[in-house]
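One structure is given below, encoded as structure tokens.
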Amino acid sequence: MDERRRGLRLVLQEGMVTQAMVTLTGGIFLVAFALQLGASNTIIGLLAAIPPLAELFQMPSVYLVTRIKNRRRLTVTASFLARSFWIVIAAIPFVVPPPAAVWTLVGAMCCYSILSGISHCAWNSWIHDLLPQTEIGDFFSKRMRLSTILAIILSLAAAFFIDFWKTETGGELTAYSVLFFGGYLAGMFGVYILSRTPEPLIQEEEVPKLRTILKEPASDRNFRNLLTFLGSWNFAINLAAPFFTVYMLQRLGMNIGWVIALAVLSQIASVASFKVWGHTADHLSHKSVLQISGPIFMIAILAWTFTTLPEPYFLTIPLLIVIHILTGISTAGVTLSTNYIGLKLAPQGHATSYIAAASITNYLAAGVAPIVGGLFADFFAAREASLTLTWTDPAGTIVLNTLDFQHWDFFFFFAFIIGLYSLHRLSAVHEEGEVKERIVIHELLSEVRREMRNLSTAGGLRTMIRLPVARILKSQEKKERGEAYDLESKISGVPEE
């Protein structure tokens with residue numbers, strides 16, 4: 001009992017320090033750092049594509065886990081090597097000449113992401129066996145709640161630090177290097193905690209062949225429709241989402257503090273609404289939740305095209321605030337349901353191959369989309385489409401710019417169109433318990449009223465589209481009945497390396 005409690009405490013501590021590393025080294029800060037180094041739109045897209053594509057290394061890593069039979073050693077070694085590359089990235093402004101700086105960043109991110117994918121594979125199986133199934137949900141809800149609070153605090157503190165450093169010294173690149181070094185230290189402390197976490201004996205299991213993983217779902221028409229939805233949906237959101245930061249920093253001319261504040265607002269909205277979506281999905285269906293949260297997300301993406309007409313105007317900031325709130329609310333519903341619906345549609349005894357196929361589809365779509373976006377960004381930079389409304393009377397003529405597409409606006413619009421197509425493909429997916437949208441809306445309003453009478457922090461902000469293949473390929477019959485996958489629904493993927 002004491003050993004189990006010690007393990008729970010260490011997993012909680014590791015989650016906190018790993019979240020600190022992720023907050024200080026990823027997302028907005030990494031994009032801003034790359035832009036300062038002179039990264040092109042193609043490079044920004046490539047940086048966004050590397051992590052999801054690298055997660056495909058979880059597939060061969062399963063065989064590595066079964067061969068070594070020591071998940072803690074594999075996780076600690078891979079995590080140590082992966083996180084060491086943040087020292088390389090932090091040192092780029094000081095030791096790498098400008099022409100090579102960007103490609104050094106890309107190379108370091110490739111090494112970091114691939115090694116992280118290997119560690120994710122071993123970590124998932126290890127932690128699943130360590131924690132009691134009856135306590136997984138509550139434990140990881142607490143872990144995510146604390147991690148999210150820490151992420152919000154660190155994000156705001158880091159934004160103020162960067163603004164202060166720029167004002168005092170003018171060296172913005174150095175400020176990002178300091179953040180990355182701080183993230184490296186937090187990551188190494190996480191590795192130390194991992195090395196002290198107990199590991200249960202690994203169970204001998206048969207690993208399914210890749211051919212089986214791909215063949216079984218492809219022969220199921222309903223699941224093929226789901227894969228089409230997941231692929232097109234992830235392509236749509238990743239065509240636009242990686243460039244939101246670029247758009248705000250370059251097109252709107254906002255400082256990093258504003259960008260971080262809006263991101264935090266979106267996180268808060270997501271956390272606050274996750275419980276509402278979860279309750280609705282439990283009582284109705286995940287497809288029903290997607291039919292409501294999906295269109296909200298697409299409307300939020302389309303709304304980005306109205307933040308300039310054709311330049312920033314008095315409604316730009318209020319509109320950005322609304323966009324981030326809608327994005328946070330809808331992200332919670334989309335993430336919850338896309339992660340669960342695949343498991344629910346998988347037939348008994350075949351969850352391993354079905355969920356693995358969904359994961360591969362998610363990773364490929366999320367990896368290819370930003371590359372496509374980056375490659376075509378320069379093409380649309382020289383294009384513009386506008387729609388004006390003209391009113392003429394004896395007193396004169398009034399011309400209003402009702403729509404103006406420039407550069408990134410095209411990507412937001414294309415993402416909206418592809419998203420609508422994916423929602424159309426969702427209509428071909430059949431899930432037991434699905435109901436009409438009006439019933440979902442009624443249930444949502446009822447749940448919101450209940451939440452307003454008892455305000456509380458909802459448990460769990462999740463990174464979109466993250467279904468670790470390793471956990472799937474390690475599943476037993478018990479997992480295939482869905483009990484083990486409750487872990488995946490409660491954590492934001494795996495420990496972000």
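Letters for chains follow the order of the structure tokens (A, B, ...), residue numbers begin at 1 for each chain, and ligand numbers begin at 1 in the order shown.
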Excluding same-chain residues fewer than 6 positions from range 240-257 of chain A, what lies within 10 Å of it counting only C-alpha atoms, as JSON, numbers by chain? {"A": [27, 28, 29, 31, 32, 35, 41, 44, 45, 46, 47, 48, 49, 155, 156, 157, 158, 159, 160, 161, 162, 163, 263, 301, 304, 307, 308, 311, 312, 313, 316, 317, 320, 369, 370, 373, 374, 377, 406, 407, 408, 409, 410, 411, 412, 413, 414, 415, 416]}
Residue selection dump (N, CA and C atoms) as a short mmCIF file (atom, residue, chain, number, x, y, z; two decimals), in the first residue's frame:
```cif
data_model
loop_
_atom_site.label_atom_id
_atom_site.label_comp_id
_atom_site.auth_asym_id
_atom_site.auth_seq_id
_atom_site.Cartn_x
_atom_site.Cartn_y
_atom_site.Cartn_z
N GLY A 27 4.53 25.43 -28.05
CA GLY A 27 3.44 26.32 -28.45
C GLY A 27 3.88 27.67 -28.95
N ILE A 28 3.32 28.70 -28.37
CA ILE A 28 3.53 30.07 -28.82
C ILE A 28 4.99 30.48 -28.70
N PHE A 29 5.67 30.08 -27.62
CA PHE A 29 7.06 30.48 -27.43
C PHE A 29 7.97 29.89 -28.51
N VAL A 31 7.09 28.99 -31.60
CA VAL A 31 6.80 29.67 -32.87
C VAL A 31 7.44 31.06 -32.91
N ALA A 32 7.30 31.80 -31.81
CA ALA A 32 7.89 33.14 -31.76
C ALA A 32 9.41 33.07 -31.87
N LEU A 35 10.33 32.41 -35.49
CA LEU A 35 10.16 33.62 -36.30
C LEU A 35 11.33 34.58 -36.09
N ASN A 41 7.37 30.54 -43.59
CA ASN A 41 6.09 29.88 -43.34
C ASN A 41 6.20 28.37 -43.49
N ILE A 44 7.65 27.00 -40.29
CA ILE A 44 6.66 27.01 -39.21
C ILE A 44 5.72 25.81 -39.37
N GLY A 45 5.29 25.55 -40.60
CA GLY A 45 4.45 24.38 -40.84
C GLY A 45 5.16 23.08 -40.53
N LEU A 46 6.44 23.02 -40.86
CA LEU A 46 7.22 21.81 -40.60
C LEU A 46 7.38 21.58 -39.09
N LEU A 47 7.63 22.64 -38.34
CA LEU A 47 7.76 22.51 -36.90
C LEU A 47 6.45 22.01 -36.26
N ALA A 48 5.32 22.44 -36.82
CA ALA A 48 4.04 21.97 -36.32
C ALA A 48 3.77 20.53 -36.70
N ALA A 49 4.36 20.08 -37.81
CA ALA A 49 4.11 18.72 -38.30
C ALA A 49 4.97 17.68 -37.61
N SER A 155 2.56 30.46 -18.10
CA SER A 155 2.40 31.14 -19.38
C SER A 155 2.36 32.65 -19.20
N LEU A 156 1.58 33.10 -18.23
CA LEU A 156 1.48 34.53 -17.98
C LEU A 156 2.80 35.10 -17.46
N ALA A 157 3.45 34.35 -16.56
CA ALA A 157 4.73 34.81 -16.02
C ALA A 157 5.78 34.90 -17.13
N ALA A 158 5.81 33.89 -18.01
CA ALA A 158 6.77 33.88 -19.11
C ALA A 158 6.52 35.03 -20.07
N ALA A 159 5.26 35.35 -20.32
CA ALA A 159 4.93 36.46 -21.21
C ALA A 159 5.42 37.78 -20.63
N PHE A 160 5.19 37.98 -19.33
CA PHE A 160 5.67 39.21 -18.69
C PHE A 160 7.20 39.27 -18.70
N PHE A 161 7.83 38.11 -18.51
CA PHE A 161 9.30 38.06 -18.52
C PHE A 161 9.85 38.47 -19.89
N ILE A 162 9.25 37.96 -20.96
CA ILE A 162 9.73 38.30 -22.31
C ILE A 162 9.54 39.78 -22.60
N ASP A 163 8.37 40.33 -22.23
CA ASP A 163 8.14 41.76 -22.46
C ASP A 163 9.13 42.60 -21.65
N ALA A 263 -4.46 32.85 -25.27
CA ALA A 263 -4.33 31.40 -25.19
C ALA A 263 -4.79 30.89 -23.82
N ILE A 301 -13.05 29.36 -36.39
CA ILE A 301 -11.98 29.46 -37.38
C ILE A 301 -12.35 30.46 -38.48
N TRP A 304 -11.84 34.21 -37.81
CA TRP A 304 -10.52 34.81 -37.93
C TRP A 304 -10.43 35.70 -39.17
N THR A 307 -11.16 39.46 -38.55
CA THR A 307 -10.37 40.25 -37.60
C THR A 307 -9.63 41.40 -38.29
N THR A 308 -9.61 41.40 -39.62
CA THR A 308 -9.08 42.53 -40.39
C THR A 308 -10.02 42.81 -41.55
N GLU A 311 -7.45 45.88 -42.58
CA GLU A 311 -6.47 46.07 -41.52
C GLU A 311 -7.17 45.92 -40.17
N PRO A 312 -6.40 45.75 -39.09
CA PRO A 312 -7.01 45.69 -37.75
C PRO A 312 -7.87 46.92 -37.49
N TYR A 313 -8.99 46.71 -36.83
CA TYR A 313 -9.93 47.81 -36.56
C TYR A 313 -10.46 47.66 -35.14
N THR A 316 -11.32 44.25 -33.63
CA THR A 316 -10.36 43.15 -33.74
C THR A 316 -10.14 42.45 -32.40
N ILE A 317 -9.82 43.21 -31.37
CA ILE A 317 -9.56 42.60 -30.06
C ILE A 317 -10.81 41.94 -29.47
N LEU A 320 -11.30 38.71 -31.27
CA LEU A 320 -10.32 37.70 -30.88
C LEU A 320 -10.68 37.06 -29.54
N ALA A 369 -1.09 18.33 -42.73
CA ALA A 369 -1.79 19.60 -42.92
C ALA A 369 -0.89 20.83 -42.75
N PRO A 370 -0.13 20.96 -41.65
CA PRO A 370 0.70 22.17 -41.52
C PRO A 370 1.80 22.25 -42.57
N GLY A 373 0.07 23.70 -45.48
CA GLY A 373 -0.16 25.11 -45.21
C GLY A 373 1.09 25.94 -45.37
N GLY A 374 2.21 25.44 -44.85
CA GLY A 374 3.46 26.18 -44.97
C GLY A 374 3.94 26.31 -46.40
N ALA A 377 1.74 28.92 -48.22
CA ALA A 377 1.58 30.23 -47.57
C ALA A 377 2.10 31.36 -48.43
N GLN A 406 -6.78 37.98 -47.23
CA GLN A 406 -5.38 38.17 -47.55
C GLN A 406 -4.56 37.10 -46.83
N HIS A 407 -3.64 36.49 -47.54
CA HIS A 407 -2.67 35.56 -46.96
C HIS A 407 -3.33 34.48 -46.11
N TRP A 408 -3.21 34.59 -44.75
CA TRP A 408 -3.70 33.53 -43.87
C TRP A 408 -5.21 33.40 -43.91
N ASP A 409 -5.91 34.46 -44.31
CA ASP A 409 -7.37 34.39 -44.38
C ASP A 409 -7.82 33.25 -45.29
N PHE A 410 -7.06 33.00 -46.35
CA PHE A 410 -7.41 31.90 -47.26
C PHE A 410 -7.35 30.55 -46.54
N PHE A 411 -6.34 30.39 -45.69
CA PHE A 411 -6.22 29.13 -44.95
C PHE A 411 -7.36 28.95 -43.96
N PHE A 412 -7.75 30.04 -43.31
CA PHE A 412 -8.87 29.94 -42.37
C PHE A 412 -10.15 29.55 -43.11
N PHE A 413 -10.32 30.12 -44.30
CA PHE A 413 -11.52 29.81 -45.08
C PHE A 413 -11.48 28.36 -45.58
N PHE A 414 -10.33 27.93 -46.09
CA PHE A 414 -10.21 26.54 -46.57
C PHE A 414 -10.42 25.55 -45.42
N ALA A 415 -9.87 25.87 -44.25
CA ALA A 415 -10.06 25.01 -43.09
C ALA A 415 -11.54 24.91 -42.73
N PHE A 416 -12.25 26.03 -42.85
CA PHE A 416 -13.69 26.04 -42.57
C PHE A 416 -14.44 25.13 -43.55
#
```
I'd like the neighbourhood of range 230-233 of chain A as a PyMOL selection string, where a residue qualifies if any of its atoms comes within 7 Å (using only C-alpha atoms), though same-chain residues fewer than 4 positions away should be ignored. chain A and resi 226+237+361-362+365+418-419+422
Take the residues that were just selected and, keeping N, CA, C and O atoms, output them as an mmCIF file, in the first residue's frame.
```
data_model
loop_
_atom_site.group_PDB
_atom_site.id
_atom_site.type_symbol
_atom_site.label_atom_id
_atom_site.label_comp_id
_atom_site.auth_asym_id
_atom_site.auth_seq_id
_atom_site.Cartn_x
_atom_site.Cartn_y
_atom_site.Cartn_z
ATOM 1 N N LEU A 226 -15.880 6.765 -40.064
ATOM 2 C CA LEU A 226 -15.301 7.479 -38.930
ATOM 3 C C LEU A 226 -13.875 7.917 -39.237
ATOM 4 O O LEU A 226 -13.489 9.052 -38.919
ATOM 5 N N ILE A 237 -8.297 21.363 -39.011
ATOM 6 C CA ILE A 237 -7.886 22.198 -37.879
ATOM 7 C C ILE A 237 -6.376 22.439 -37.873
ATOM 8 O O ILE A 237 -5.912 23.505 -37.451
ATOM 9 N N THR A 361 -4.434 7.532 -38.370
ATOM 10 C CA THR A 361 -5.142 8.523 -39.187
ATOM 11 C C THR A 361 -4.989 9.921 -38.607
ATOM 12 O O THR A 361 -4.711 10.893 -39.330
ATOM 13 N N ASN A 362 -5.147 10.036 -37.291
ATOM 14 C CA ASN A 362 -5.019 11.336 -36.626
ATOM 15 C C ASN A 362 -3.622 11.913 -36.794
ATOM 16 O O ASN A 362 -3.449 13.090 -37.135
ATOM 17 N N ALA A 365 -2.841 12.976 -40.549
ATOM 18 C CA ALA A 365 -3.563 14.187 -40.954
ATOM 19 C C ALA A 365 -3.016 15.413 -40.242
ATOM 20 O O ALA A 365 -2.816 16.469 -40.856
ATOM 21 N N ILE A 418 -13.213 22.577 -45.380
ATOM 22 C CA ILE A 418 -12.867 21.170 -45.132
ATOM 23 C C ILE A 418 -13.526 20.671 -43.858
ATOM 24 O O ILE A 418 -13.962 19.523 -43.765
ATOM 25 N N GLY A 419 -13.610 21.539 -42.863
ATOM 26 C CA GLY A 419 -14.289 21.169 -41.623
ATOM 27 C C GLY A 419 -15.756 20.862 -41.843
ATOM 28 O O GLY A 419 -16.303 19.920 -41.247
ATOM 29 N N SER A 422 -15.963 17.470 -43.293
ATOM 30 C CA SER A 422 -15.759 16.419 -42.300
ATOM 31 C C SER A 422 -17.013 16.207 -41.452
ATOM 32 O O SER A 422 -17.350 15.075 -41.103
#
```
Fewer than 4 positions away in the same chain doesn't count, so skip those; otherwise give me all residues within 10 Å of Thr77 in chain A, counting only C-alpha atoms, as a list of chain:residue names. A:Arg71, A:Arg72, A:Arg73, A:Leu81, A:Ala82, A:Leu115, A:Ile118, A:Ser119, A:Val191, A:Ser195
Identify, on the basis of only C-alpha atoms, every residue whose closest approach to range 10-21 of chain A does not exceed 10 Å; exclude the query and any residue fewer than 3 positions from it along the same chain; express the result as a VMD selection string. chain A and resid 4 to 7 24 to 26 83 86 127 130 to 131 139 to 140 142 to 144 146 to 155 179 to 198 491 494 to 497
For the residues in that selection, give me N, CA and C atoms as a short mmCIF file (atom, residue, chain, number, x, y, z; two decimals), in the first residue's frame.
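Dumped everything to again-v2.cif:
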```
data_model
loop_
_atom_site.label_atom_id
_atom_site.label_comp_id
_atom_site.auth_asym_id
_atom_site.auth_seq_id
_atom_site.Cartn_x
_atom_site.Cartn_y
_atom_site.Cartn_z
N ARG A 4 2.34 1.82 -3.37
CA ARG A 4 1.37 2.35 -4.33
C ARG A 4 1.15 3.84 -4.11
N ARG A 5 1.02 4.25 -2.85
CA ARG A 5 0.83 5.67 -2.55
C ARG A 5 2.05 6.48 -2.99
N ARG A 6 3.23 5.90 -2.78
CA ARG A 6 4.46 6.57 -3.23
C ARG A 6 4.45 6.74 -4.74
N GLY A 7 4.02 5.69 -5.45
CA GLY A 7 3.95 5.78 -6.90
C GLY A 7 2.98 6.85 -7.37
N LEU A 24 7.00 26.01 -21.04
CA LEU A 24 8.11 26.93 -21.30
C LEU A 24 8.80 26.68 -22.63
N THR A 25 8.58 25.52 -23.23
CA THR A 25 9.33 25.19 -24.46
C THR A 25 8.47 25.05 -25.71
N GLY A 26 7.16 24.96 -25.55
CA GLY A 26 6.34 24.66 -26.72
C GLY A 26 5.41 25.77 -27.13
N ARG A 83 14.96 15.31 -23.89
CA ARG A 83 14.92 16.63 -23.25
C ARG A 83 16.27 17.33 -23.30
N TRP A 86 16.81 20.33 -25.68
CA TRP A 86 16.41 21.71 -25.39
C TRP A 86 17.62 22.57 -25.04
N ILE A 127 2.60 3.24 -16.64
CA ILE A 127 1.71 3.95 -15.72
C ILE A 127 0.36 3.25 -15.61
N LEU A 130 0.75 0.57 -13.17
CA LEU A 130 1.08 1.07 -11.84
C LEU A 130 -0.15 1.53 -11.07
N LEU A 131 -1.08 2.20 -11.77
CA LEU A 131 -2.22 2.80 -11.08
C LEU A 131 -3.41 1.86 -11.03
N PHE A 139 -7.70 10.29 -10.16
CA PHE A 139 -6.30 10.68 -10.01
C PHE A 139 -5.86 11.59 -11.15
N PHE A 140 -6.16 11.21 -12.38
CA PHE A 140 -5.69 12.01 -13.50
C PHE A 140 -6.51 13.27 -13.70
N LYS A 142 -7.34 15.09 -11.15
CA LYS A 142 -6.60 15.96 -10.24
C LYS A 142 -5.27 16.39 -10.86
N ARG A 143 -4.58 15.44 -11.49
CA ARG A 143 -3.30 15.74 -12.13
C ARG A 143 -3.46 16.79 -13.22
N MET A 144 -4.50 16.63 -14.04
CA MET A 144 -4.72 17.58 -15.12
C MET A 144 -5.14 18.95 -14.59
N LEU A 146 -4.35 20.36 -11.67
CA LEU A 146 -3.19 21.05 -11.12
C LEU A 146 -2.21 21.47 -12.22
N SER A 147 -2.03 20.60 -13.21
CA SER A 147 -1.12 20.91 -14.31
C SER A 147 -1.61 22.10 -15.12
N THR A 148 -2.92 22.18 -15.33
CA THR A 148 -3.49 23.28 -16.10
C THR A 148 -3.34 24.61 -15.36
N ILE A 149 -3.57 24.58 -14.06
CA ILE A 149 -3.39 25.79 -13.26
C ILE A 149 -1.94 26.26 -13.34
N LEU A 150 -1.01 25.30 -13.22
CA LEU A 150 0.42 25.63 -13.32
C LEU A 150 0.75 26.19 -14.70
N ALA A 151 0.19 25.59 -15.75
CA ALA A 151 0.47 26.06 -17.11
C ALA A 151 -0.01 27.48 -17.31
N ILE A 152 -1.17 27.81 -16.78
CA ILE A 152 -1.70 29.17 -16.92
C ILE A 152 -0.79 30.18 -16.21
N ILE A 153 -0.38 29.84 -14.99
CA ILE A 153 0.48 30.74 -14.22
C ILE A 153 1.82 30.94 -14.93
N LEU A 154 2.43 29.84 -15.36
CA LEU A 154 3.73 29.93 -16.03
C LEU A 154 3.64 30.67 -17.36
N SER A 155 2.56 30.46 -18.10
CA SER A 155 2.40 31.14 -19.38
C SER A 155 2.36 32.65 -19.20
N LEU A 179 13.95 30.84 -21.30
CA LEU A 179 12.76 30.02 -21.07
C LEU A 179 13.04 28.55 -21.40
N PHE A 180 13.69 28.31 -22.53
CA PHE A 180 13.97 26.93 -22.93
C PHE A 180 14.92 26.25 -21.95
N PHE A 181 15.89 27.01 -21.43
CA PHE A 181 16.79 26.43 -20.43
C PHE A 181 16.02 26.09 -19.15
N GLY A 182 15.09 26.97 -18.76
CA GLY A 182 14.24 26.67 -17.61
C GLY A 182 13.39 25.44 -17.85
N GLY A 183 12.87 25.30 -19.09
CA GLY A 183 12.11 24.10 -19.44
C GLY A 183 12.98 22.86 -19.39
N TYR A 184 14.23 22.98 -19.82
CA TYR A 184 15.17 21.84 -19.77
C TYR A 184 15.38 21.40 -18.32
N LEU A 185 15.60 22.35 -17.42
CA LEU A 185 15.81 22.00 -16.01
C LEU A 185 14.58 21.30 -15.43
N ALA A 186 13.39 21.81 -15.76
CA ALA A 186 12.17 21.16 -15.29
C ALA A 186 12.06 19.75 -15.86
N GLY A 187 12.40 19.60 -17.15
CA GLY A 187 12.34 18.28 -17.78
C GLY A 187 13.30 17.29 -17.15
N MET A 188 14.50 17.74 -16.81
CA MET A 188 15.47 16.85 -16.17
C MET A 188 15.02 16.46 -14.76
N PHE A 189 14.38 17.37 -14.07
CA PHE A 189 13.84 17.02 -12.76
C PHE A 189 12.74 15.98 -12.91
N GLY A 190 11.96 16.10 -13.99
CA GLY A 190 10.94 15.09 -14.28
C GLY A 190 11.55 13.73 -14.54
N VAL A 191 12.70 13.70 -15.25
CA VAL A 191 13.40 12.43 -15.50
C VAL A 191 13.85 11.81 -14.18
N TYR A 192 14.34 12.65 -13.28
CA TYR A 192 14.77 12.15 -11.96
C TYR A 192 13.59 11.52 -11.22
N ILE A 193 12.44 12.17 -11.27
CA ILE A 193 11.25 11.62 -10.60
C ILE A 193 10.85 10.30 -11.24
N LEU A 194 10.91 10.24 -12.57
CA LEU A 194 10.60 8.99 -13.27
C LEU A 194 11.52 7.85 -12.82
N SER A 195 12.78 8.17 -12.61
CA SER A 195 13.74 7.13 -12.22
C SER A 195 13.45 6.57 -10.84
N ARG A 196 12.70 7.30 -10.02
CA ARG A 196 12.38 6.86 -8.67
C ARG A 196 10.98 6.24 -8.58
N THR A 197 10.22 6.30 -9.66
CA THR A 197 8.86 5.77 -9.66
C THR A 197 8.89 4.25 -9.80
N PRO A 198 8.20 3.52 -8.94
CA PRO A 198 8.22 2.06 -9.02
C PRO A 198 7.56 1.54 -10.30
N ILE A 491 -6.20 11.98 -19.28
CA ILE A 491 -4.93 12.70 -19.37
C ILE A 491 -4.81 13.33 -20.73
N VAL A 494 -0.12 11.84 -23.25
CA VAL A 494 0.93 11.18 -22.51
C VAL A 494 1.80 12.25 -21.94
N PRO A 495 2.79 11.94 -21.13
CA PRO A 495 3.60 13.03 -20.61
C PRO A 495 4.30 13.73 -21.75
N GLU A 496 3.92 14.98 -22.00
CA GLU A 496 4.52 15.71 -23.11
C GLU A 496 6.01 15.84 -22.86
N GLU A 497 6.78 15.25 -23.77
CA GLU A 497 8.22 15.24 -23.52
C GLU A 497 8.82 16.58 -23.88
#
```
Contacts of Ser116 in chain A at 12 Å or less, counting only C-alpha atoms, minus same-chain residues fewer than 5 places along, as a count of residues only? 34
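With distances restricted to only C-alpha atoms, A:Lys287 is the closest residue to Lys344 in chain A from A:Lys287, A:Ser219, A:Val276, A:Leu265.
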Show me, as JSON, numbers by chain, the residues that have an atom within 10 Å of Ala428 in chain A when counting only C-alpha atoms, minus same-chain residues fewer than 5 positions from it. {"A": [221, 222, 223, 224, 225, 226, 228, 229, 423]}
Filtering to N, CA and C atoms, could you give me those residues as a PDB file, in the first residue's frame?
```
ATOM      1  N   ARG A 221     -17.373  -0.777 -42.799  1.00  0.00           N
ATOM      2  CA  ARG A 221     -17.833   0.433 -43.494  1.00  0.00           C
ATOM      3  C   ARG A 221     -18.088   1.588 -42.533  1.00  0.00           C
ATOM      4  N   ASN A 222     -18.722   1.326 -41.419  1.00  0.00           N
ATOM      5  CA  ASN A 222     -19.021   2.387 -40.466  1.00  0.00           C
ATOM      6  C   ASN A 222     -17.745   2.993 -39.902  1.00  0.00           C
ATOM      7  N   PHE A 223     -16.763   2.138 -39.610  1.00  0.00           N
ATOM      8  CA  PHE A 223     -15.507   2.658 -39.066  1.00  0.00           C
ATOM      9  C   PHE A 223     -14.706   3.386 -40.142  1.00  0.00           C
ATOM     10  N   ARG A 224     -14.826   2.957 -41.400  1.00  0.00           N
ATOM     11  CA  ARG A 224     -14.180   3.700 -42.483  1.00  0.00           C
ATOM     12  C   ARG A 224     -14.732   5.119 -42.555  1.00  0.00           C
ATOM     13  N   ASN A 225     -16.036   5.248 -42.375  1.00  0.00           N
ATOM     14  CA  ASN A 225     -16.640   6.592 -42.360  1.00  0.00           C
ATOM     15  C   ASN A 225     -16.078   7.422 -41.207  1.00  0.00           C
ATOM     16  N   LEU A 226     -15.880   6.765 -40.064  1.00  0.00           N
ATOM     17  CA  LEU A 226     -15.301   7.479 -38.930  1.00  0.00           C
ATOM     18  C   LEU A 226     -13.875   7.917 -39.237  1.00  0.00           C
ATOM     19  N   THR A 228     -12.635   8.578 -42.133  1.00  0.00           N
ATOM     20  CA  THR A 228     -12.716   9.700 -43.080  1.00  0.00           C
ATOM     21  C   THR A 228     -13.002  10.995 -42.337  1.00  0.00           C
ATOM     22  N   PHE A 229     -13.913  10.923 -41.381  1.00  0.00           N
ATOM     23  CA  PHE A 229     -14.215  12.104 -40.573  1.00  0.00           C
ATOM     24  C   PHE A 229     -12.995  12.554 -39.784  1.00  0.00           C
ATOM     25  N   LEU A 423     -17.721  17.286 -41.143  1.00  0.00           N
ATOM     26  CA  LEU A 423     -18.970  17.150 -40.386  1.00  0.00           C
ATOM     27  C   LEU A 423     -20.034  16.443 -41.226  1.00  0.00           C
TER      28      LEU A 423
END
```
DSSP helix (DSSP H, G or I) residues within range 353-410 of chain A, listed as a ChimeraX atom specification: /A:353-381,408-410
